[in-house]
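See below for query_10.txt, which holds compact mmCIF, N, CA and C atoms.
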# COMPACT_ATOMS: atom_id res chain seq x y z
N MET A 1 62.18 102.47 85.80
CA MET A 1 61.70 101.10 86.03
C MET A 1 61.16 100.99 87.44
N THR A 2 60.04 100.37 87.56
CA THR A 2 59.48 100.17 88.89
C THR A 2 60.12 98.94 89.54
N GLY A 3 59.83 98.77 90.81
CA GLY A 3 60.41 97.64 91.54
C GLY A 3 60.01 96.29 90.97
N SER A 4 58.76 96.18 90.53
CA SER A 4 58.31 94.89 90.00
C SER A 4 59.00 94.55 88.69
N VAL A 5 59.25 95.55 87.86
CA VAL A 5 59.94 95.30 86.59
C VAL A 5 61.40 94.94 86.85
N LYS A 6 62.02 95.61 87.81
CA LYS A 6 63.41 95.27 88.16
C LYS A 6 63.50 93.84 88.69
N ALA A 7 62.54 93.47 89.53
CA ALA A 7 62.53 92.10 90.07
C ALA A 7 62.34 91.08 88.96
N MET A 8 61.47 91.40 88.01
CA MET A 8 61.23 90.49 86.89
C MET A 8 62.49 90.38 86.02
N ALA A 9 63.20 91.48 85.82
CA ALA A 9 64.43 91.45 85.03
C ALA A 9 65.51 90.62 85.73
N VAL A 10 65.63 90.77 87.03
CA VAL A 10 66.60 89.98 87.79
C VAL A 10 66.25 88.50 87.71
N MET A 11 64.96 88.18 87.83
CA MET A 11 64.52 86.78 87.76
C MET A 11 64.79 86.22 86.36
N THR A 12 64.57 87.02 85.32
CA THR A 12 64.84 86.57 83.95
C THR A 12 66.32 86.27 83.76
N PHE A 13 67.18 87.17 84.25
CA PHE A 13 68.62 86.95 84.12
C PHE A 13 69.07 85.73 84.93
N ALA A 14 68.55 85.59 86.14
CA ALA A 14 68.92 84.45 86.98
C ALA A 14 68.48 83.14 86.33
N SER A 15 67.29 83.13 85.74
CA SER A 15 66.82 81.91 85.09
C SER A 15 67.67 81.59 83.86
N LEU A 16 68.16 82.63 83.17
CA LEU A 16 69.07 82.40 82.04
C LEU A 16 70.33 81.69 82.50
N VAL A 17 70.90 82.13 83.60
CA VAL A 17 72.11 81.50 84.14
C VAL A 17 71.83 80.06 84.53
N VAL A 18 70.71 79.82 85.20
CA VAL A 18 70.36 78.46 85.63
C VAL A 18 70.13 77.55 84.43
N ILE A 19 69.41 78.02 83.44
CA ILE A 19 69.12 77.18 82.27
C ILE A 19 70.39 76.91 81.47
N ALA A 20 71.25 77.91 81.34
CA ALA A 20 72.52 77.69 80.62
C ALA A 20 73.38 76.68 81.36
N THR A 21 73.44 76.78 82.67
CA THR A 21 74.21 75.82 83.47
C THR A 21 73.63 74.42 83.34
N TYR A 22 72.32 74.32 83.40
CA TYR A 22 71.63 73.03 83.24
C TYR A 22 71.96 72.43 81.87
N SER A 23 71.92 73.28 80.83
CA SER A 23 72.18 72.79 79.47
C SER A 23 73.61 72.28 79.32
N VAL A 24 74.55 72.96 79.95
CA VAL A 24 75.95 72.52 79.88
C VAL A 24 76.12 71.20 80.63
N ALA A 25 75.51 71.10 81.79
CA ALA A 25 75.72 69.93 82.64
C ALA A 25 74.94 68.70 82.17
N LEU A 26 73.67 68.91 81.79
CA LEU A 26 72.80 67.76 81.51
C LEU A 26 72.26 67.69 80.09
N GLY A 27 72.59 68.66 79.27
CA GLY A 27 72.09 68.67 77.91
C GLY A 27 70.92 69.63 77.77
N SER A 28 70.74 70.11 76.57
CA SER A 28 69.73 71.12 76.32
C SER A 28 68.32 70.55 76.43
N ASN A 29 67.42 71.38 76.92
CA ASN A 29 66.01 71.03 77.01
C ASN A 29 65.24 72.17 76.35
N GLY A 30 64.59 71.87 75.24
CA GLY A 30 63.88 72.88 74.47
C GLY A 30 62.78 73.58 75.24
N TRP A 31 62.11 72.85 76.12
CA TRP A 31 61.02 73.45 76.90
C TRP A 31 61.53 74.49 77.87
N LEU A 32 62.71 74.26 78.44
CA LEU A 32 63.30 75.26 79.34
C LEU A 32 63.63 76.54 78.59
N TRP A 33 64.21 76.40 77.40
CA TRP A 33 64.55 77.58 76.61
C TRP A 33 63.29 78.29 76.13
N PHE A 34 62.28 77.53 75.76
CA PHE A 34 61.01 78.14 75.36
C PHE A 34 60.41 78.92 76.52
N GLY A 35 60.44 78.35 77.71
CA GLY A 35 59.94 79.05 78.89
C GLY A 35 60.72 80.31 79.18
N TRP A 36 62.04 80.26 78.97
CA TRP A 36 62.84 81.45 79.20
C TRP A 36 62.52 82.55 78.19
N VAL A 37 62.29 82.17 76.94
CA VAL A 37 61.92 83.15 75.93
C VAL A 37 60.59 83.81 76.29
N VAL A 38 59.63 83.02 76.73
CA VAL A 38 58.34 83.57 77.15
C VAL A 38 58.53 84.52 78.33
N LEU A 39 59.33 84.11 79.30
CA LEU A 39 59.61 84.97 80.45
C LEU A 39 60.29 86.27 80.02
N GLY A 40 61.22 86.17 79.09
CA GLY A 40 61.89 87.37 78.57
C GLY A 40 60.93 88.30 77.86
N LEU A 41 60.01 87.73 77.07
CA LEU A 41 59.02 88.56 76.38
C LEU A 41 58.07 89.23 77.37
N LEU A 42 57.68 88.51 78.41
CA LEU A 42 56.84 89.11 79.45
C LEU A 42 57.56 90.26 80.15
N THR A 43 58.82 90.06 80.45
CA THR A 43 59.62 91.10 81.09
C THR A 43 59.73 92.33 80.19
N ALA A 44 60.01 92.11 78.92
CA ALA A 44 60.12 93.23 77.97
C ALA A 44 58.78 93.94 77.83
N GLY A 45 57.70 93.18 77.80
CA GLY A 45 56.38 93.79 77.71
C GLY A 45 56.04 94.63 78.94
N MET A 46 56.39 94.12 80.12
CA MET A 46 56.15 94.88 81.34
C MET A 46 56.98 96.16 81.35
N ALA A 47 58.23 96.08 80.93
CA ALA A 47 59.09 97.26 80.91
C ALA A 47 58.56 98.29 79.92
N ALA A 48 58.09 97.83 78.77
CA ALA A 48 57.57 98.75 77.76
C ALA A 48 56.27 99.42 78.23
N SER A 49 55.43 98.65 78.89
CA SER A 49 54.15 99.21 79.33
C SER A 49 54.34 100.19 80.50
N ARG A 50 55.34 99.96 81.33
CA ARG A 50 55.60 100.86 82.46
C ARG A 50 56.23 102.18 82.00
N SER A 51 57.05 102.11 80.94
CA SER A 51 57.75 103.32 80.51
C SER A 51 56.87 104.20 79.62
N ALA A 52 55.81 103.65 79.08
CA ALA A 52 54.95 104.44 78.18
C ALA A 52 53.96 105.30 78.96
What would you get if you wrote out this structure as C-alpha cells?
Amino acid sequence: MTGSVKAMAVMTFASLVVIATYSVALGSNGWLWFGWVVLGLLTAGMAASRSA
C-alpha cells in the first residue's frame, strides 16, 4: 500500500467512527452514511488499482 492509500484508509476509518458517534448522539442521517459508503468504495478502488 502506498502512503496515499494508507491515508485514505485511515480517513475512511476515522469518518466511520465520527458518523457512528453522530448517529448515536443525534440520530441517523442517511446522507452521511451514503457519503461514507462512497468514500469506502473510493478507498477500495484506490487500493485495488495500486496493488494491480
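A straight line drawn from atom CA of Ala48 of chain A to atom N of Val5 of chain A is 10.7 Å long.
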What is the atom CA of Ser49 of chain A-atom CA of Ser15 of chain A distance in Å, reported with one decimal?
-> 22.2 Å
Might you pull out every residue within 8 Å of segment 39-47 of chain A, with all atoms listed in the file counted and same-chain residues fewer than 2 positions away left off, and present them as a PyMOL selection string?
-> chain A and resi 1-2+4-6+8-9+11-13+33-37+49-52
Point-to-point distance from atom CA of Val38 of chain A to atom C of Val18 of chain A, Å rounded to tenths | 15.1 Å
Please put the answer as AutoDock Vina command-line options: centre and edge lengths, in Å with one decimal, of a box along x, y and z that encloses all listed atoms of segment 34-43 of chain A plus 8 Å on each side.
--center_x 59.8 --center_y 84.9 --center_z 78.2 --size_x 22.0 --size_y 30.8 --size_z 21.7
Could you give me segment 5-20 of chain A completed to N, CA, C and O atoms, formatted as an mmCIF file, keeping the file's coordinate frame?
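File produced: out-v2.cif:
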data_model
loop_
_atom_site.group_PDB
_atom_site.id
_atom_site.type_symbol
_atom_site.label_atom_id
_atom_site.label_comp_id
_atom_site.auth_asym_id
_atom_site.auth_seq_id
_atom_site.Cartn_x
_atom_site.Cartn_y
_atom_site.Cartn_z
ATOM 1 N N VAL A 5 59.250 95.550 87.860
ATOM 2 C CA VAL A 5 59.940 95.300 86.590
ATOM 3 C C VAL A 5 61.400 94.940 86.850
ATOM 4 O O VAL A 5 61.951 94.046 86.206
ATOM 5 N N LYS A 6 62.020 95.610 87.810
ATOM 6 C CA LYS A 6 63.410 95.270 88.160
ATOM 7 C C LYS A 6 63.500 93.840 88.690
ATOM 8 O O LYS A 6 64.400 93.086 88.337
ATOM 9 N N ALA A 7 62.540 93.470 89.530
ATOM 10 C CA ALA A 7 62.530 92.100 90.070
ATOM 11 C C ALA A 7 62.340 91.080 88.960
ATOM 12 O O ALA A 7 62.996 90.027 88.946
ATOM 13 N N MET A 8 61.470 91.400 88.010
ATOM 14 C CA MET A 8 61.230 90.490 86.890
ATOM 15 C C MET A 8 62.490 90.380 86.020
ATOM 16 O O MET A 8 62.832 89.291 85.558
ATOM 17 N N ALA A 9 63.200 91.480 85.820
ATOM 18 C CA ALA A 9 64.430 91.450 85.030
ATOM 19 C C ALA A 9 65.510 90.620 85.730
ATOM 20 O O ALA A 9 66.215 89.840 85.081
ATOM 21 N N VAL A 10 65.630 90.770 87.030
ATOM 22 C CA VAL A 10 66.600 89.980 87.790
ATOM 23 C C VAL A 10 66.250 88.500 87.710
ATOM 24 O O VAL A 10 67.121 87.645 87.512
ATOM 25 N N MET A 11 64.960 88.180 87.830
ATOM 26 C CA MET A 11 64.520 86.780 87.760
ATOM 27 C C MET A 11 64.790 86.220 86.360
ATOM 28 O O MET A 11 65.202 85.061 86.215
ATOM 29 N N THR A 12 64.570 87.020 85.320
ATOM 30 C CA THR A 12 64.840 86.570 83.950
ATOM 31 C C THR A 12 66.320 86.270 83.760
ATOM 32 O O THR A 12 66.695 85.245 83.189
ATOM 33 N N PHE A 13 67.180 87.170 84.250
ATOM 34 C CA PHE A 13 68.620 86.950 84.120
ATOM 35 C C PHE A 13 69.070 85.730 84.930
ATOM 36 O O PHE A 13 69.864 84.923 84.445
ATOM 37 N N ALA A 14 68.550 85.590 86.140
ATOM 38 C CA ALA A 14 68.920 84.450 86.980
ATOM 39 C C ALA A 14 68.480 83.140 86.330
ATOM 40 O O ALA A 14 69.225 82.147 86.350
ATOM 41 N N SER A 15 67.290 83.130 85.740
ATOM 42 C CA SER A 15 66.820 81.910 85.090
ATOM 43 C C SER A 15 67.670 81.590 83.860
ATOM 44 O O SER A 15 67.889 80.427 83.535
ATOM 45 N N LEU A 16 68.160 82.630 83.170
ATOM 46 C CA LEU A 16 69.070 82.400 82.040
ATOM 47 C C LEU A 16 70.330 81.690 82.500
ATOM 48 O O LEU A 16 70.779 80.724 81.874
ATOM 49 N N VAL A 17 70.900 82.130 83.600
ATOM 50 C CA VAL A 17 72.110 81.500 84.140
ATOM 51 C C VAL A 17 71.830 80.060 84.530
ATOM 52 O O VAL A 17 72.601 79.148 84.216
ATOM 53 N N VAL A 18 70.710 79.820 85.200
ATOM 54 C CA VAL A 18 70.360 78.460 85.630
ATOM 55 C C VAL A 18 70.130 77.550 84.430
ATOM 56 O O VAL A 18 70.636 76.411 84.394
ATOM 57 N N ILE A 19 69.410 78.020 83.440
ATOM 58 C CA ILE A 19 69.120 77.180 82.270
ATOM 59 C C ILE A 19 70.390 76.910 81.470
ATOM 60 O O ILE A 19 70.599 75.792 80.991
ATOM 61 N N ALA A 20 71.250 77.910 81.340
ATOM 62 C CA ALA A 20 72.520 77.690 80.620
ATOM 63 C C ALA A 20 73.380 76.680 81.360
ATOM 64 O O ALA A 20 73.975 75.786 80.735
#
